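Dropping model-v5.cif in here (mmCIF, C-alpha atoms):
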```
data_query
#
loop_
_atom_site.label_atom_id
_atom_site.label_comp_id
_atom_site.auth_asym_id
_atom_site.auth_seq_id
_atom_site.Cartn_x
_atom_site.Cartn_y
_atom_site.Cartn_z
CA MET A 1156 -13.85 2.52 29.47
CA SER A 1157 -10.63 4.52 29.81
CA ASP A 1158 -9.01 6.28 26.86
CA LEU A 1159 -6.08 3.84 27.05
CA GLN A 1160 -8.41 0.85 26.64
CA ARG A 1161 -10.33 2.59 23.87
CA PHE A 1162 -7.15 3.41 21.94
CA SER A 1163 -5.72 -0.09 22.48
CA ARG A 1164 -8.87 -1.70 21.10
CA ALA A 1165 -8.91 0.65 18.13
CA ARG A 1166 -5.28 -0.17 17.43
CA ILE A 1167 -6.12 -3.90 17.33
CA ALA A 1168 -9.11 -3.28 15.03
CA ILE A 1169 -7.04 -1.20 12.61
CA THR A 1170 -4.25 -3.79 12.70
CA VAL A 1171 -6.76 -6.45 11.63
CA ALA A 1172 -7.78 -4.22 8.71
CA PHE A 1173 -4.17 -3.73 7.56
CA ILE A 1174 -3.36 -7.44 7.84
CA ALA A 1175 -6.56 -8.27 5.92
CA ASN A 1176 -5.63 -5.89 3.09
CA GLY A 1177 -2.11 -7.29 2.89
CA SER A 1178 -3.24 -10.92 3.05
CA ILE A 1179 -5.71 -10.40 0.21
CA ALA A 1180 -2.98 -8.79 -1.90
CA GLY A 1181 -0.54 -11.62 -1.08
CA THR A 1182 -3.20 -14.25 -1.75
CA PHE A 1183 -4.05 -12.73 -5.11
CA TYR A 1184 -0.50 -12.36 -6.40
CA SER A 1185 0.44 -15.86 -5.28
CA ARG A 1186 -2.30 -17.28 -7.53
CA VAL A 1187 -1.99 -15.04 -10.61
CA ALA A 1188 0.01 -17.73 -12.47
CA ASP A 1189 -2.70 -20.30 -11.65
CA ILE A 1190 -5.40 -17.95 -12.92
CA LYS A 1191 -3.47 -17.45 -16.16
CA GLU A 1192 -3.04 -21.20 -16.61
CA LYS A 1193 -6.67 -22.01 -15.76
CA LEU A 1194 -8.06 -19.57 -18.33
CA ASP A 1195 -5.22 -20.19 -20.84
CA ILE A 1196 -4.64 -16.49 -21.56
CA SER A 1197 -1.56 -14.76 -22.96
CA ASN A 1198 0.82 -12.50 -21.08
CA SER A 1199 -0.58 -9.44 -22.82
CA ALA A 1200 -4.15 -10.44 -21.96
CA LEU A 1201 -3.14 -10.91 -18.34
CA GLY A 1202 -1.41 -7.52 -18.43
CA ILE A 1203 -4.66 -5.88 -19.57
CA ALA A 1204 -6.59 -7.67 -16.81
CA LEU A 1205 -4.08 -6.42 -14.23
CA LEU A 1206 -4.50 -2.93 -15.64
CA VAL A 1207 -8.24 -3.28 -14.93
CA ILE A 1208 -7.36 -3.77 -11.25
CA SER A 1209 -5.57 -0.41 -11.34
CA ILE A 1210 -8.68 1.19 -12.84
CA GLY A 1211 -10.73 -0.31 -10.02
CA VAL A 1212 -8.22 1.08 -7.52
CA LEU A 1213 -8.58 4.59 -8.90
CA LEU A 1214 -12.39 4.33 -8.73
CA GLY A 1215 -12.26 3.03 -5.17
CA LEU A 1216 -9.92 5.79 -3.99
CA ALA A 1217 -12.32 8.58 -4.93
CA PHE A 1218 -15.35 6.70 -3.57
CA SER A 1219 -13.73 5.90 -0.23
CA GLY A 1220 -12.44 9.42 0.35
CA LYS A 1221 -15.91 10.91 -0.04
CA GLN A 1222 -17.73 8.20 1.89
CA SER A 1223 -15.24 8.26 4.77
CA ALA A 1224 -15.66 12.03 4.99
CA LYS A 1225 -19.44 11.73 4.92
CA HIS A 1226 -19.97 8.75 7.26
CA GLY A 1227 -16.66 8.56 9.13
CA SER A 1228 -13.78 6.19 8.38
CA ALA A 1229 -14.78 3.57 10.99
CA PRO A 1230 -17.83 2.06 9.21
CA ILE A 1231 -16.14 2.25 5.80
CA THR A 1232 -13.15 0.34 7.21
CA LEU A 1233 -15.40 -2.29 8.81
CA TYR A 1234 -17.64 -2.92 5.79
CA GLY A 1235 -14.75 -2.43 3.37
CA THR A 1236 -12.90 -5.32 5.04
CA TYR A 1237 -15.95 -7.58 4.64
CA ALA A 1238 -16.19 -6.47 1.00
CA LEU A 1239 -12.54 -7.43 0.42
CA GLY A 1240 -13.21 -11.01 1.45
CA VAL A 1241 -16.31 -11.17 -0.77
CA ALA A 1242 -14.39 -9.71 -3.73
CA MET A 1243 -11.67 -12.36 -3.40
CA LEU A 1244 -14.35 -15.07 -3.29
CA ILE A 1245 -15.87 -13.71 -6.50
CA VAL A 1246 -12.46 -13.68 -8.21
CA GLY A 1247 -12.21 -17.38 -7.37
CA THR A 1248 -15.38 -18.08 -9.36
CA SER A 1249 -14.07 -16.56 -12.62
CA ASN A 1250 -14.35 -19.00 -15.52
CA SER A 1251 -13.86 -16.69 -18.51
CA TYR A 1252 -11.70 -13.72 -19.45
CA ILE A 1253 -14.65 -11.31 -19.36
CA THR A 1254 -15.70 -12.36 -15.86
CA LEU A 1255 -12.05 -12.24 -14.79
CA CYS A 1256 -11.75 -8.60 -15.83
CA ALA A 1257 -15.04 -7.75 -14.15
CA THR A 1258 -14.00 -9.38 -10.88
CA PHE A 1259 -10.56 -7.73 -11.08
CA LEU A 1260 -12.29 -4.35 -11.35
CA LEU A 1261 -14.31 -5.15 -8.23
CA LEU A 1262 -11.25 -6.40 -6.33
CA GLY A 1263 -9.27 -3.26 -7.16
CA ALA A 1264 -12.13 -1.00 -6.04
CA CYS A 1265 -12.56 -2.91 -2.76
CA LEU A 1266 -8.82 -2.89 -2.05
CA ALA A 1267 -8.64 0.88 -2.51
CA THR A 1268 -11.86 1.62 -0.63
CA GLN A 1269 -10.73 -0.28 2.44
CA ASP A 1270 -7.16 1.04 2.08
CA VAL A 1271 -8.14 4.71 2.23
CA ALA A 1272 -10.60 4.14 5.08
CA MET A 1273 -8.18 2.20 7.27
CA ASN A 1274 -5.40 4.75 6.71
CA SER A 1275 -7.85 7.55 7.53
CA HIS A 1276 -8.91 5.79 10.73
CA ALA A 1277 -5.26 5.27 11.62
CA ILE A 1278 -4.80 9.04 11.34
CA VAL A 1279 -7.79 9.54 13.69
CA LEU A 1280 -6.16 7.23 16.23
CA GLU A 1281 -2.84 9.07 15.96
CA GLN A 1282 -4.48 12.46 16.41
CA GLU A 1283 -6.73 11.37 19.30
CA SER A 1284 -4.06 9.44 21.21
CA GLY A 1285 -1.11 11.70 20.42
CA ASN A 1286 1.00 8.67 19.42
CA ARG A 1287 2.38 7.51 16.08
CA TYR A 1288 1.17 4.18 14.71
CA MET A 1289 1.13 4.54 10.93
CA SER A 1290 4.48 2.93 10.17
CA THR A 1291 3.68 -0.08 12.36
CA PHE A 1292 0.30 -0.48 10.68
CA HIS A 1293 2.02 -0.56 7.28
CA ALA A 1294 4.43 -3.16 8.64
CA MET A 1295 1.35 -5.25 9.48
CA PHE A 1296 0.22 -4.86 5.87
CA SER A 1297 3.62 -6.13 4.70
CA LEU A 1298 3.45 -9.07 7.10
CA GLY A 1299 -0.07 -9.83 5.89
CA ALA A 1300 1.10 -9.78 2.29
CA LEU A 1301 4.03 -12.04 3.15
CA GLY A 1302 1.75 -14.47 5.00
CA GLY A 1303 -0.81 -14.42 2.20
CA GLY A 1304 1.91 -15.14 -0.33
CA VAL A 1305 3.41 -18.03 1.65
CA ILE A 1306 0.00 -19.62 2.30
CA GLY A 1307 -0.94 -19.02 -1.32
CA GLY A 1308 2.24 -20.74 -2.49
CA TRP A 1309 1.38 -23.77 -0.34
CA PHE A 1310 -2.17 -23.95 -1.70
CA SER A 1311 -0.85 -23.60 -5.25
CA GLN A 1312 1.84 -26.25 -4.73
CA HIS A 1313 -0.82 -28.70 -3.59
CA ASP A 1314 -3.16 -27.87 -6.50
CA ILE A 1315 -5.92 -26.60 -4.22
CA PRO A 1316 -8.43 -24.61 -6.31
CA LEU A 1317 -8.43 -20.86 -5.91
CA MET A 1318 -12.09 -20.93 -4.85
CA LYS A 1319 -11.30 -23.08 -1.80
CA HIS A 1320 -8.23 -21.00 -1.06
CA ALA A 1321 -10.22 -17.75 -1.29
CA ALA A 1322 -12.98 -19.21 0.90
CA PHE A 1323 -10.44 -20.07 3.60
CA VAL A 1324 -8.86 -16.60 3.56
CA ALA A 1325 -12.26 -14.87 3.48
CA MET A 1326 -13.51 -16.93 6.43
CA VAL A 1327 -10.50 -15.94 8.55
CA ILE A 1328 -10.95 -12.27 7.62
CA PHE A 1329 -14.71 -12.35 8.32
CA LEU A 1330 -14.18 -13.89 11.77
CA ALA A 1331 -11.39 -11.50 12.76
CA ASN A 1332 -13.29 -8.47 11.47
CA TYR A 1333 -16.48 -9.52 13.27
CA PHE A 1334 -14.57 -9.95 16.52
CA VAL A 1335 -13.24 -6.34 16.44
CA ARG A 1336 -16.36 -4.76 14.91
CA ASN A 1337 -17.09 -2.63 17.99
CA TRP A 1338 -13.50 -1.66 18.71
CA PHE A 1339 -13.11 1.15 16.18
CA LEU A 1340 -13.19 4.75 17.36
CA SER A 1341 -16.39 6.75 16.92
CA ALA A 1342 -17.31 7.56 13.34
CA ASP A 1343 -18.15 11.10 14.45
CA LEU A 1344 -14.48 11.88 15.06
CA ASP A 1345 -13.67 12.33 11.38
CA LYS A 1346 -17.00 13.09 9.75
CA HIS A 1347 -16.60 16.12 7.55
CA ALA A 1348 -19.60 18.47 7.42
CA PHE A 1349 -20.05 19.82 3.91
CA GLU A 1350 -21.42 23.30 4.33
CA GLY A 1351 -24.09 24.09 1.76
CA LYS A 1352 -23.61 22.97 -1.81
CA LYS A 1353 -20.50 24.97 -2.49
CA LYS A 1354 -17.51 22.76 -3.14
CA ILE A 1355 -14.01 23.77 -2.23
CA LYS A 1356 -11.22 23.28 -4.71
CA ARG A 1357 -8.91 20.45 -3.83
CA PRO A 1358 -5.79 22.02 -2.28
CA LYS A 1359 -2.82 21.76 -4.63
CA LEU A 1360 -0.61 20.92 -1.68
CA PHE A 1361 -2.11 17.43 -1.45
CA PHE A 1362 -1.37 16.90 -5.15
CA ILE A 1363 2.28 17.80 -4.55
CA VAL A 1364 2.46 15.48 -1.53
CA GLY A 1365 1.03 12.77 -3.79
CA LEU A 1366 3.84 13.39 -6.28
CA LEU A 1367 6.34 12.79 -3.50
CA GLY A 1368 4.56 9.51 -2.82
CA LEU A 1369 4.71 8.68 -6.53
CA CYS A 1370 8.51 9.04 -6.43
CA GLY A 1371 8.59 6.51 -3.62
CA SER A 1372 6.04 4.11 -5.11
CA ILE A 1373 7.93 3.83 -8.40
CA GLY A 1374 11.01 2.80 -6.43
CA GLU A 1375 9.00 0.39 -4.28
CA GLY A 1376 7.34 -1.19 -7.31
CA SER A 1377 10.61 -1.52 -9.22
CA ALA A 1378 12.00 -3.89 -6.58
CA GLY A 1379 9.28 -6.46 -7.18
CA ASP A 1380 8.98 -5.94 -10.91
CA TRP A 1381 12.60 -5.70 -12.01
CA GLY A 1382 14.98 -6.77 -9.22
CA ALA A 1383 14.98 -10.47 -10.11
CA ILE A 1384 15.02 -9.82 -13.87
CA LEU A 1385 18.00 -7.46 -13.53
CA SER A 1386 19.88 -10.05 -11.46
CA ARG A 1387 19.18 -12.93 -13.83
CA ASP A 1388 19.39 -11.28 -17.26
CA THR A 1389 22.15 -8.74 -16.64
CA PHE A 1390 24.32 -10.49 -14.04
CA ASP A 1391 23.52 -14.17 -14.79
CA ALA A 1392 22.28 -14.98 -11.28
CA SER A 1393 20.68 -18.35 -10.58
CA PRO A 1394 16.89 -18.50 -10.08
CA PHE A 1395 17.26 -18.57 -6.29
CA VAL A 1396 19.96 -15.90 -6.07
CA SER A 1397 17.93 -13.64 -8.36
CA THR A 1398 15.19 -13.56 -5.73
CA LEU A 1399 17.56 -12.27 -3.03
CA PRO A 1400 17.34 -8.56 -3.97
CA PHE A 1401 13.56 -8.57 -3.48
CA ILE A 1402 13.79 -10.72 -0.34
CA CYS A 1403 16.30 -8.26 1.17
CA PHE A 1404 14.14 -5.33 0.09
CA SER A 1405 11.01 -6.87 1.65
CA ALA A 1406 12.79 -7.76 4.89
CA THR A 1407 14.20 -4.26 5.37
CA MET A 1408 10.79 -2.76 4.53
CA VAL A 1409 9.13 -4.75 7.32
CA ILE A 1410 11.90 -4.06 9.85
CA GLY A 1411 12.02 -0.37 8.92
CA ARG A 1412 8.26 0.01 9.30
CA LEU A 1413 8.25 -1.74 12.67
CA PHE A 1414 10.74 0.83 14.00
CA GLY A 1415 9.39 3.73 11.96
CA ASP A 1416 6.97 5.10 14.56
CA ARG A 1417 9.64 5.23 17.25
CA LEU A 1418 12.05 6.98 14.89
CA ALA A 1419 9.35 9.45 13.79
CA THR A 1420 8.53 10.26 17.42
CA LYS A 1421 12.20 10.81 18.21
CA TYR A 1422 13.39 12.61 15.07
CA GLY A 1423 10.19 13.77 13.35
CA PRO A 1424 8.61 12.46 10.14
CA MET A 1425 10.42 14.98 7.94
CA LYS A 1426 13.86 13.62 8.84
CA LEU A 1427 12.64 10.11 8.03
CA ILE A 1428 11.35 11.16 4.61
CA VAL A 1429 14.46 13.19 3.73
CA GLY A 1430 16.94 10.74 5.23
CA GLY A 1431 15.12 7.76 3.75
CA GLY A 1432 15.10 9.29 0.29
CA LEU A 1433 18.84 9.98 0.47
CA ILE A 1434 19.62 6.45 1.68
CA ALA A 1435 17.42 4.89 -1.02
CA GLY A 1436 18.70 7.06 -3.87
CA ILE A 1437 22.41 6.99 -3.05
CA GLY A 1438 22.32 3.32 -2.03
CA LEU A 1439 20.59 2.06 -5.17
CA ALA A 1440 22.70 4.23 -7.47
CA SER A 1441 25.89 3.02 -5.79
CA GLY A 1442 24.86 -0.62 -6.10
CA LEU A 1443 24.02 -0.22 -9.79
CA ILE A 1444 27.29 1.54 -10.55
CA VAL A 1445 29.37 -1.09 -8.72
CA GLY A 1446 27.38 -3.81 -10.47
CA GLY A 1447 27.31 -7.56 -9.96
CA ILE A 1448 24.75 -9.46 -7.92
CA GLY A 1449 26.30 -8.08 -4.74
CA GLY A 1450 25.75 -4.54 -5.96
CA VAL A 1451 22.14 -5.27 -6.87
CA ILE A 1452 21.43 -6.84 -3.48
CA PHE A 1453 23.05 -3.88 -1.72
CA GLY A 1454 21.04 -1.46 -3.86
CA TRP A 1455 17.67 -3.03 -3.10
CA LEU A 1456 18.54 -3.55 0.56
CA THR A 1457 19.26 0.17 1.01
CA MET A 1458 16.19 0.97 -1.07
CA GLY A 1459 14.09 -1.00 1.40
CA ILE A 1460 15.66 0.77 4.38
CA GLY A 1461 15.11 4.18 2.79
CA LEU A 1462 11.57 3.75 1.48
CA ALA A 1463 10.16 1.74 4.40
CA THR A 1464 8.56 4.67 6.19
CA VAL A 1465 8.00 7.09 3.29
CA ILE A 1466 4.39 6.21 2.37
CA PRO A 1467 3.23 5.86 6.02
CA MET A 1468 4.81 9.22 6.91
CA LEU A 1469 3.29 10.94 3.88
CA PHE A 1470 -0.17 9.64 4.84
CA SER A 1471 0.35 10.98 8.36
CA GLN A 1472 1.48 14.32 6.94
CA ALA A 1473 -1.65 14.45 4.75
CA GLY A 1474 -3.77 14.01 7.87
CA GLU A 1475 -1.83 16.74 9.68
CA LEU A 1476 -2.26 19.13 6.76
CA ALA A 1477 -6.02 18.50 6.63
CA LYS A 1478 -6.31 19.08 10.37
CA ASN A 1479 -4.04 22.11 10.75
CA LYS A 1480 -4.19 23.98 7.42
CA PHE A 1481 -7.55 23.01 5.96
CA ALA A 1482 -9.70 22.33 9.01
CA GLY A 1483 -13.40 22.39 8.10
CA GLN A 1484 -12.60 22.61 4.39
CA PHE A 1485 -10.97 19.32 3.46
CA ALA A 1486 -11.33 16.01 5.32
CA ALA A 1487 -8.31 13.90 6.23
CA SER A 1488 -9.85 10.95 4.35
CA GLU A 1489 -10.06 13.06 1.19
CA GLY A 1490 -6.43 14.06 1.63
CA VAL A 1491 -5.37 10.45 2.06
CA ALA A 1492 -7.41 9.46 -1.01
CA MET A 1493 -5.80 12.18 -3.09
CA VAL A 1494 -2.26 11.35 -1.95
CA SER A 1495 -2.94 7.61 -2.35
CA GLY A 1496 -4.35 8.01 -5.84
CA ILE A 1497 -1.30 9.84 -7.13
CA ALA A 1498 1.12 7.55 -5.30
CA TYR A 1499 -0.65 4.42 -6.60
CA PHE A 1500 -0.29 5.84 -10.11
CA GLY A 1501 3.43 5.17 -9.71
CA PHE A 1502 2.73 1.44 -9.40
CA LEU A 1503 0.69 1.71 -12.62
CA VAL A 1504 3.08 3.67 -14.85
CA GLY A 1505 6.37 2.62 -13.27
CA PRO A 1506 6.72 -0.99 -14.54
CA PRO A 1507 6.02 -0.37 -18.25
CA THR A 1508 8.00 2.87 -18.31
CA LEU A 1509 11.07 1.23 -16.79
CA GLY A 1510 10.60 -1.73 -19.14
CA PHE A 1511 10.62 0.46 -22.25
CA LEU A 1512 13.57 2.42 -20.90
CA GLY A 1513 15.37 -0.84 -20.12
CA ASP A 1514 15.01 -1.93 -23.74
CA ALA A 1515 16.42 1.40 -24.88
CA ILE A 1516 19.42 1.88 -22.58
CA GLY A 1517 19.70 -1.36 -20.61
CA LEU A 1518 17.82 -2.36 -17.46
CA ARG A 1519 20.80 -1.67 -15.22
CA TRP A 1520 20.89 2.00 -16.15
CA ALA A 1521 17.11 2.31 -16.34
CA MET A 1522 17.06 1.49 -12.62
CA LEU A 1523 18.85 4.77 -11.99
CA VAL A 1524 15.44 6.42 -12.52
CA PRO A 1525 13.99 5.13 -9.20
CA ALA A 1526 17.24 6.17 -7.53
CA GLY A 1527 16.94 9.67 -8.98
CA LEU A 1528 13.28 9.93 -7.99
CA ALA A 1529 14.16 8.96 -4.41
CA LEU A 1530 16.67 11.83 -4.31
CA ILE A 1531 14.08 14.25 -5.75
CA MET A 1532 11.64 13.14 -3.06
CA ALA A 1533 14.25 13.74 -0.36
CA LEU A 1534 15.28 17.17 -1.60
CA GLY A 1535 11.73 18.31 -2.35
CA SER A 1536 10.02 17.21 0.86
CA ARG A 1537 11.32 19.84 3.24
CA PRO A 1538 10.41 22.94 1.20
CA ILE A 1539 6.97 21.46 0.43
CA LEU A 1540 5.99 20.05 3.81
CA GLY A 1541 8.01 22.36 6.03
CA SER A 1542 10.62 21.53 8.63
CA LYS A 1543 8.32 19.72 11.09
#
```
Whole structure, structure tokens version:
Amino acid sequence: MSDLQRFSRARIAITVAFIANGSIAGTFYSRVADIKEKLDISNSALGIALLVISIGVLLGLAFSGKQSAKHGSAPITLYGTYALGVAMLIVGTSNSYITLCATFLLLGACLATQDVAMNSHAIVLEQESGNRYMSTFHAMFSLGALGGGVIGGWFSQHDIPLMKHAAFVAMVIFLANYFVRNWFLSADLDKHAFEGKKKIKRPKLFFIVGLLGLCGSIGEGSAGDWGAILSRDTFDASPFVSTLPFICFSATMVIGRLFGDRLATKYGPMKLIVGGGLIAGIGLASGLIVGGIGGVIFGWLTMGIGLATVIPMLFSQAGELAKNKFAGQFAASEGVAMVSGIAYFGFLVGPPTLGFLGDAIGLRWAMLVPAGLALIMALGSRPILGSK
């Protein structure tokens, strides 16, 4: 088999993994309201259960980074994708609050485990082929999430039980994953040999790169969490119009990620991170200052354009750092896990922090925080990551 065929097959296999991860996320969030109604739990109880997912994510990140380094990212991606489908099935069986929290913990751990492994394998493909694919892969995640959400909305509208819905999604994922099971690149390509028992300190540089990702993730999370509420409560938008900021944000995220790899190849990842941060920060701030529903839509639209490629490019940069600066000391999968863990923390702390700040100074002005963080990310990336 030629290298071109090998890389093409690997690209399809990794694409399946990204779509699977996104579809599970979309499926889950489309049925959260049904889960809440079925178990008759309060908003605060649901909030705690969702926090348990974040705990599972943090556990899965550390586990996947080590296992991908030890065994290679290919088998962890393959079996992690199967585990995702199983975890969603188990969530569908929850019939009490205790079992719900337990299954949420499992789902979060499986999501993170597969997430780190598939991103690590995407880095292997980029490095072996000499081409950029990360932004396109993340676009596939976004499309998977969109598809999972739409299908989930249809199942919910027709009162189809979550268990049947989860079984359908899991079956599709199992079949697709089985079909591409032999198409991943060799696991030996990114196994990390741990020499002796001496452990190296985690390089601080990956922590700083993670902080850059955190700046972006808080902005990304704020669109889904607060865009509609800001439109409706502050600017009296109708229920449909209040969804437009997030719809525009999501659309520009997908489009930006589809073109991200070409732009990174032409201009370099650093220009995308810096330029994207400036567009996101200045655009959102301008929209908030102008005000009105038009200003909010403009703000989130530019936020989507700016942040679309940030996380994919930071993951690629983490892989480059592991390969070029810490070769033989720190595996790319461990770097991705470290950057992911810190970036994901933004999704955890961002919503409540902005909510408390919104109560104190008004949600409109609280949204200047994501704008400011995007500017910090843009201005801090070049001196941290270099000019490449």
Calculated over all atoms listed in the file, which of the candidates A:Gly1368, A:Gly1304, A:Gly1454, A:Pro1230 has the smallest distance to Ala1440 of chain A?
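Smallest distance to Ala1440 of chain A is found for A:Gly1454.
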Between A:Val1212, A:Ala1419, A:Val1279, A:Leu1344, single out the one closest to Thr1464 of chain A, counting all atoms listed in the file.
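Nearest candidate to Thr1464 of chain A out of A:Val1212, A:Ala1419, A:Val1279, A:Leu1344: A:Ala1419.
Taking atom CA of Phe1500 of chain A and atom CA of Leu1367 of chain A as the two end points, the separation is 11.7 Å.
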Applied to this file, what does the PyMOL selection byres ((chain A and resi 1526) around 6) return in terms of residues, put as number ranges by chain?
A: 1436, 1439-1440, 1523-1525, 1527-1529
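When all atoms listed in the file are used to measure the gap to Met1289 of chain A, the shortest distance among A:Leu1462, A:Val1246, A:Ile1169, A:Ile1516 belongs to A:Ile1169.
Here the PyMOL selection byres ((chain A and resi 1211) around 7) captures the residues Val1207, Ile1208, Ser1209, Ile1210, Val1212, Leu1213, Leu1214, Gly1215, Leu1260, Leu1261, Gly1263 and Ala1264 of chain A.
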I need the residue set behind the PyMOL selection byres ((chain A and resi 1192-1201) around 10) for this file; please write it as a PyMOL selection string.
chain A and resi 1186-1191+1202-1207+1249-1252+1255-1256+1316
Applying 9 Å and only C-alpha atoms, which residues near segment 1281-1288 of chain A remain after dropping the ones on its own chain fewer than 6 positions away? List them as number ranges by chain.
A: 1158-1159, 1162, 1166, 1344, 1415-1417, 1419-1420, 1471, 1474-1475
